[in-house]
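Novice: Mind having a look at this structure? Questions to follow.
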Amino acid sequence: MLETKALTKNFGGLCAVNKLNLSIQAGEIVGLIGPNGAGKTTVFNLITGFYRASSGEILFNGKNLVGQKPHRIAESGIVRTFQIAKLFPNFTVLQNLRAASHLFIRVNLWEAIFRTSSYRRKEANGLDHAMKALRFLGLDSLKDEFARILPHGHQKLLGIAMALAASPELLLLDEPLEGMNPKEVDRALDIIAGIRAQGVTILLIEHNMRAVMRICDRIVVINFGQEIAKGSPEEIRQNKDVIKAYLGTSENGN
Amino acid sequence: MAIVCLGCVVPIVMKGNEYYLHIYIICVINIILASSLRAIATTGQVSIGQAGFMAIGAYTSAILATKFNFPTYSALLMGGLAAMVLAALIGYPLARVRTVYFVMVTMFLGEIIRLVLFEWRTMTGGSTGMMGIPRPEAFSILGILQIDFSNRFQFCYLALAVLLLILLALYNIERSHFGTVFAAIGQEESVSSSVGINVARYKVIIFSLASFFTGLAGGLYGHYMTVLNPDSFGTFASLYIVIYVIVGGRKFTGPISGAIILTLIPEIFGGLKEYQPFIFVIVLFLVVFLLPGGLSELPDRMKPQIRKILKRGFRIA
């Protein structure tokens, strides 16, 4: 489904991502892990078009995405969340979702100015679509709260709900569990599994090793922008290079 | 609704007084300018070149009507369209610059337009300006209804009709999905594009549409005044529009109240016309410090106060 070929990104003299070859099959949950500064988020920014690759290719269903604008990439079916829950803070939860349902609504300006019946129908469908995403994440009771006052865990969930509302084929989650307590983590993992059950492929960055081991089919480990290991959670657990990269902390730490 | 009725009734009350009618028309034009600017501002950008687009509308309409014998109404429309086309053309490169850079580029754009009008003497009359711009001609609908907007009292209703149509369009846009998208872009561009919103495209859409309305306001101004001069469309004129919006506040009704108050204040203090910038700055400071949300926040702020006073009143009784 998604394949990167020798994907490279240089910032000046610094090589953030170095000849990375990723391959993700439809229906998988793939974990992308590595120590801080390994280049994980840069990979996300490259795939979603926020950064432009210095060299290499990103193939999504056979089409090269390099050089495309973020909104075009979202339109073709890759949607991301952000590490620090980035939302529309001055919108209510529901308004956040309505903005995120943009690709689903598709109205033109004349319909909106004259409020035609087809426009009102599309708007109502958009509301259903937004509410469905909210209900799936269990946020429907909070729909009229302002996003900025939500607790951190809920903001993270809202970020995922917004990404889902854009109807992705491939969902990129950037540290979805960061800052959550164990109970919230369990719930978030259920939700992620539920998203996969709907047929959405998932690539996720996460530092919570126990959770990564539990939910991922495959794991790719990178360090200094280079792949150092890949395989099933079990294989990664045994891998000497990975243990070295993490200085052994992740083994018994988390 | 009450405001619409008020807008209709006020010219009748003031019918005898040409000076009051003049202020009314200027108020209406300023409300169009301020509401259009606010629409652009919802995407997080403030243009300091809107007087330039107003000038494009005014001069296009005036030139078409005087030199090419266009009927006034189609000339007005063409003026708006000319402003819109220019806005759409420069909109794409402009959508790439943000914050203070956007402000600077739009400011220079407005100034360039003014200079072109100044120098293109054969068409625009240069610094002497244009004269003899016709008032809208009378027409009849199906030979039954005679409609005439040519004298000052009648022109009030033409201006009011244009204003109401524009406000209705802006209001419908604001409460539609487009309004949500514009406000989303104004808050977080990166999140907007990550959910598939074409940020540049939507910025161009609202910038062009608002400039169309601004051009219409310019056309109205030209056909009302019947004379035009490039000096009416300088950077100060653009800045005044920004001040209307800041004083009025973020809400939909904000620019309406801001434009009305700031058009009236210099007139109330009759002889102070030359001190207009000074007065505006004082009002601006007062509002920014005392009412940071602008005048449109006033009703919401006063509600608890009034309730308190009412309660106390009852207790005493």
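Here's how to read the names in the structure tokens: chain A, B, ... by the order shown, residue numbers from 1 in each chain, ligand numbers from 1 in the order shown.
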Would you pick out the contacts of A:Leu139 at 12 Å or less, using only C-alpha atoms, so that residues sharing its chain but fewer than 4 positions from it are not included, and give the list as a PyMOL selection string?

Specialist: chain A and resi 92-94+96-97+130-135+143-145+147+150+153-162

Novice: DSSP on the backbone: what in stretch 74-316 of chain B comes out alpha helix (DSSP H), as an MDAnalysis selection string?

Specialist: chainID B and resid 74:95 99:119 121:124 152:174 177:187 189:194 199:225 235:248 254:268 276:290 298:316

Novice: Find the residues in chain B near chain A: any atom within 9 Å counts, using only C-alpha atoms. Write them as a count of residues only.

Specialist: 28

Novice: For B:Glu297, please output as a list in words all residues within 8 Å (counting only C-alpha atoms; exclusion window: fewer than 4 positions along the same chain).

Specialist: Gly249, Lys251, Leu291, Gly293 and Arg301 of chain B

Novice: Separation of atom CA of B:Ile56 and atom CA of B:Tyr20, in Å?

Specialist: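 So the two atoms, atom CA of B:Ile56 and atom CA of B:Tyr20, lie 27.3 Å apart.
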
Novice: When DSSP is applied to the backbone of this structure, which of stretch 104-279 of chain B are assigned strand (DSSP E or B)? Write them out as a PyMOL selection string.

Specialist: chain B and resi 130+139-141+145-147+228

Novice: Which residue out of A:Gly138, A:Gly37, A:Gly12, A:Pro233 has the minimum interatomic distance to A:Ala188 when only C-alpha atoms are used?

Specialist: A:Gly138

Novice: Which neighbours of B:Gly186 fall inside 9 Å, counting only C-alpha atoms, when residues of the same chain fewer than 6 positions from it are skipped, and could you give them as a ChimeraX atom specification?

Specialist: /B:41-45

Novice: Name the residues in contact with A:Gly31 at a cut-off of 9 Å, using only C-alpha atoms, excluding same-chain residues fewer than 2 positions from it; report them as a PyMOL selection string.

Specialist: chain A and resi 29+33+202-206+212-213+215-221

Novice: Next, write the just-selected residues to a file, as a tab-separated table (two decimals), in the first residue's frame, keeping N, CA and C atoms as the atom set.

Specialist:
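Saved the output as selection-v4.tsv:
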chain	number	residue	atom	x	y	z
A	29	ILE	N	-1.18	-2.93	11.24
A	29	ILE	CA	-0.77	-1.87	12.15
A	29	ILE	C	0.74	-1.97	12.29
A	33	ILE	N	9.31	2.99	15.68
A	33	ILE	CA	9.87	3.39	16.97
A	33	ILE	C	11.34	3.74	16.83
A	202	ILE	N	-2.81	1.35	9.60
A	202	ILE	CA	-2.27	2.31	10.58
A	202	ILE	C	-0.76	2.22	10.68
A	203	LEU	N	-0.12	3.38	10.65
A	203	LEU	CA	1.31	3.49	10.96
A	203	LEU	C	1.40	4.39	12.18
A	204	LEU	N	2.04	3.90	13.26
A	204	LEU	CA	2.06	4.74	14.45
A	204	LEU	C	3.44	4.88	15.05
A	205	ILE	N	3.69	6.08	15.58
A	205	ILE	CA	4.90	6.36	16.33
A	205	ILE	C	4.50	6.30	17.80
A	206	GLU	N	5.28	5.59	18.62
A	206	GLU	CA	4.89	5.54	20.02
A	206	GLU	C	6.11	5.16	20.87
A	212	VAL	N	3.05	-0.73	22.24
A	212	VAL	CA	3.48	-1.01	20.86
A	212	VAL	C	3.56	-2.51	20.63
A	213	MET	N	4.17	-3.20	21.58
A	213	MET	CA	4.33	-4.65	21.46
A	213	MET	C	2.96	-5.33	21.39
A	215	ILE	N	-0.01	-4.04	20.30
A	215	ILE	CA	-0.97	-3.75	19.23
A	215	ILE	C	-0.41	-3.92	17.81
A	216	CYS	N	0.93	-3.81	17.65
A	216	CYS	CA	1.46	-3.78	16.29
A	216	CYS	C	1.65	-5.18	15.70
A	217	ASP	N	1.39	-5.29	14.39
A	217	ASP	CA	1.71	-6.54	13.68
A	217	ASP	C	3.20	-6.59	13.39
A	218	ARG	N	3.71	-5.43	12.98
A	218	ARG	CA	5.12	-5.34	12.66
A	218	ARG	C	5.68	-4.05	13.23
A	219	ILE	N	6.98	-4.07	13.49
A	219	ILE	CA	7.63	-2.88	14.05
A	219	ILE	C	8.86	-2.56	13.22
A	220	VAL	N	9.06	-1.25	12.95
A	220	VAL	CA	10.27	-0.79	12.29
A	220	VAL	C	10.98	0.12	13.27
A	221	VAL	N	12.27	-0.16	13.49
A	221	VAL	CA	13.04	0.66	14.42
A	221	VAL	C	14.01	1.51	13.63
